[in-house]
Structure formats: C-alpha cells, structure tokens
Amino acid sequence: MTTVLVTVLVAATAALAGFATWWFSRGGEPTPPQISAYSNGRLTHAGPYMFCDVLDLNECVLTEAQGTLAVDERNPVQLSVDTVIGRAPWRLLRLYDDPADATGKMYQPGSTLAVTIPTVDPHRGPLRGLVVQLLTLVVDRDTDEKFAVPHAEWAVGLQWRDQRQD
C-alpha cells in the first residue's frame, strides 16, 4: 500500500512539475495560480507566497504575497483553489493562536476546488490563517527516509472584526 501511495505521489508530482514548467515558461505574461477566500460579503485573492522548481527545491520565487480577509465568528470562510492546484494533491493548513494547534488535511487530485471552513474551532479557538500547499516527495540522502515538503504555497491571513460594529 505504501509503495503504491509513493508511486502515485511521485507520478502526480512529476505531472505537476511538467505542467508548472510549461505554465511559467510559456509566452506572454503568465498568471500564476491563485486561491481566493470569501466570508460575509468580502473576497480576497492571493497569488503564490512561494513557488519552487519541483526538481530543484533550491530554485524558488519567494513573493511573500498574502491575501487578507476580515472575518467574524458567525460566517465561515469559503476557500477556493485554482484548477491547476486542484488537479494535484494539495494540503490545507488551518492556523490558530497556538502553532501546536495547526491542522492539516490532504485533498486528492480532482477531488475538490472549494472548502468551507468555520472561523472558530471549539477546541482551538479563532482561526488566524489558511495555507494551501503543493507537495513534493523527497528522499533524505543520509537516511533514505521519504517525506513530503511544500514546493508551492499560498496564504490568507484572517483579521477579526469587532463584533460590536456589526
């Protein structure tokens, strides 16, 4: 089972690498994939915070671009990813006040382009940010251990609105 999963992840990463190479090297001004987040009538878009060459993770463009979205406890966030992101396995990280409370969930290729996220977790508290990652499987040369690291990342920071102003 593990061998099959690793093989599928490697094949998907290779396909995404080929697509990303084509996407970013084609003529004209390419538009990198984006994510968007919507809550209570407000919308934000975010381009890549970081985007690395899948075959050389030392070759990265670090824009540090981040979307910002005003939220409240009553209205969830609707997160949408570009189809380029959704065609690959992608991970959603939910960030809270305590970094130890961060949660992650993997989405399989083609499974979804949108996720609804509550702004308050009953155990972790208020949501502070969202991160979408595309992962690359790497092998540690010293230990032969295989693990996934992000080669692309998008981020949205959440700003909490004062409830008394609503």
# chains A, B, ... in the order shown; residues from 1 in each chain; ligands from 1
call {"tool": "residues_around", "arguments": {"residues": "A:Gln159", "least_positions_apart": "6", "cutoff": "12 Å", "atoms": "only C-alpha atoms", "output": "ChimeraX atom specification"}}
result
/A:39,42,44,67-73,77,119,126-130
call {"tool": "closest_residue", "arguments": {"among": "A:Leu55, A:Arg74, A:Ala155, A:Trp160", "to": "A:Arg94", "atoms": "only C-alpha atoms"}}
result
A:Ala155
call {"tool": "closest_residue", "arguments": {"among": "A:Asn75, A:Thr112, A:Gln66, A:Ser36", "to": "A:Met50", "atoms": "only C-alpha atoms"}}
result
A:Gln66
call {"tool": "atom_distance", "arguments": {"atom1": "atom CA of A:Pro76", "atom2": "atom CA of A:Thr116"}}
result
6.5 Å
call {"tool": "residues_around", "arguments": {"residues": "stretch 80-84 of chain A", "least_positions_apart": "5", "cutoff": "12 Å", "atoms": "only C-alpha atoms", "output": "number ranges by chain"}}
result
A: 15-20, 22-23, 31-39, 43-48, 89-92, 107, 109-117, 130-134, 152-156
call {"tool": "select_by_dssp", "arguments": {"residues": "stretch 17-109 of chain A", "states": "helix (DSSP H, G or I)", "output": "PyMOL selection string"}}
result
chain A and resi 17-25+83-86+99-101
call {"tool": "write_last_selection", "arguments": {"atoms": "C-alpha atoms", "output": "compact mmCIF listing (two decimals), in the first residue's frame"}}
result
# COMPACT_ATOMS: atom_id res chain seq x y z
CA ALA A 17 6.17 19.68 -12.43
CA GLY A 18 5.75 19.35 -16.18
CA PHE A 19 2.63 21.45 -16.14
CA ALA A 20 4.20 24.10 -13.88
CA THR A 21 7.26 24.29 -16.13
CA TRP A 22 5.04 24.79 -19.17
CA TRP A 23 2.80 27.25 -17.32
CA PHE A 24 5.59 29.51 -16.13
CA SER A 25 7.72 29.32 -19.29
CA THR A 83 -7.95 24.30 -11.14
CA VAL A 84 -4.16 23.98 -11.59
CA ILE A 85 -3.86 23.47 -7.83
CA GLY A 86 -6.93 21.21 -7.65
CA PRO A 99 1.14 26.87 16.47
CA ALA A 100 0.75 23.42 18.04
CA ASP A 101 -2.98 23.61 17.22
call {"tool": "residues_around", "arguments": {"residues": "A:Leu135", "least_positions_apart": "2", "cutoff": "7 Å", "atoms": "only C-alpha atoms", "output": "PyMOL selection string"}}
result
chain A and resi 90+133+137+148-151
call {"tool": "atom_distance", "arguments": {"atom1": "atom CA of A:Gln108", "atom2": "atom CA of A:Val139"}}
result
21.4 Å
call {"tool": "decode", "arguments": {"residues": "stretch 109-121 of chain A", "atoms": "N, CA and C atoms", "output": "CSV table (one decimal), in the first residue's frame"}}
result
chain,number,residue,atom,x,y,z
A,109,PRO,N,-6.1,14.7,-6.0
A,109,PRO,CA,-6.2,15.4,-7.3
A,109,PRO,C,-7.6,15.3,-7.8
A,110,GLY,N,-8.2,16.4,-8.2
A,110,GLY,CA,-9.5,16.4,-8.8
A,110,GLY,C,-10.7,16.3,-7.8
A,111,SER,N,-10.4,16.1,-6.5
A,111,SER,CA,-11.4,15.9,-5.5
A,111,SER,C,-12.3,17.1,-5.2
A,112,THR,N,-11.7,18.3,-5.1
A,112,THR,CA,-12.4,19.5,-4.8
A,112,THR,C,-11.6,20.7,-5.1
A,113,LEU,N,-12.4,21.8,-5.4
A,113,LEU,CA,-11.8,23.1,-5.7
A,113,LEU,C,-12.2,24.1,-4.6
A,114,ALA,N,-13.1,23.7,-3.7
A,114,ALA,CA,-13.6,24.6,-2.7
A,114,ALA,C,-13.8,23.9,-1.4
A,115,VAL,N,-13.6,24.6,-0.3
A,115,VAL,CA,-13.7,24.1,1.1
A,115,VAL,C,-14.4,25.1,1.9
A,116,THR,N,-15.3,24.8,2.7
A,116,THR,CA,-15.9,25.7,3.7
A,116,THR,C,-15.3,25.4,5.1
A,117,ILE,N,-14.8,26.5,5.7
A,117,ILE,CA,-14.1,26.4,6.9
A,117,ILE,C,-14.7,27.3,8.0
A,118,PRO,N,-15.1,26.7,9.2
A,118,PRO,CA,-15.5,27.5,10.3
A,118,PRO,C,-14.4,28.4,10.8
A,119,THR,N,-14.8,29.6,11.2
A,119,THR,CA,-13.8,30.6,11.7
A,119,THR,C,-13.4,30.4,13.1
A,120,VAL,N,-14.2,29.6,13.8
A,120,VAL,CA,-13.9,29.3,15.2
A,120,VAL,C,-13.9,27.8,15.4
A,121,ASP,N,-12.9,27.2,16.0
A,121,ASP,CA,-12.9,25.8,16.3
A,121,ASP,C,-13.2,25.7,17.8
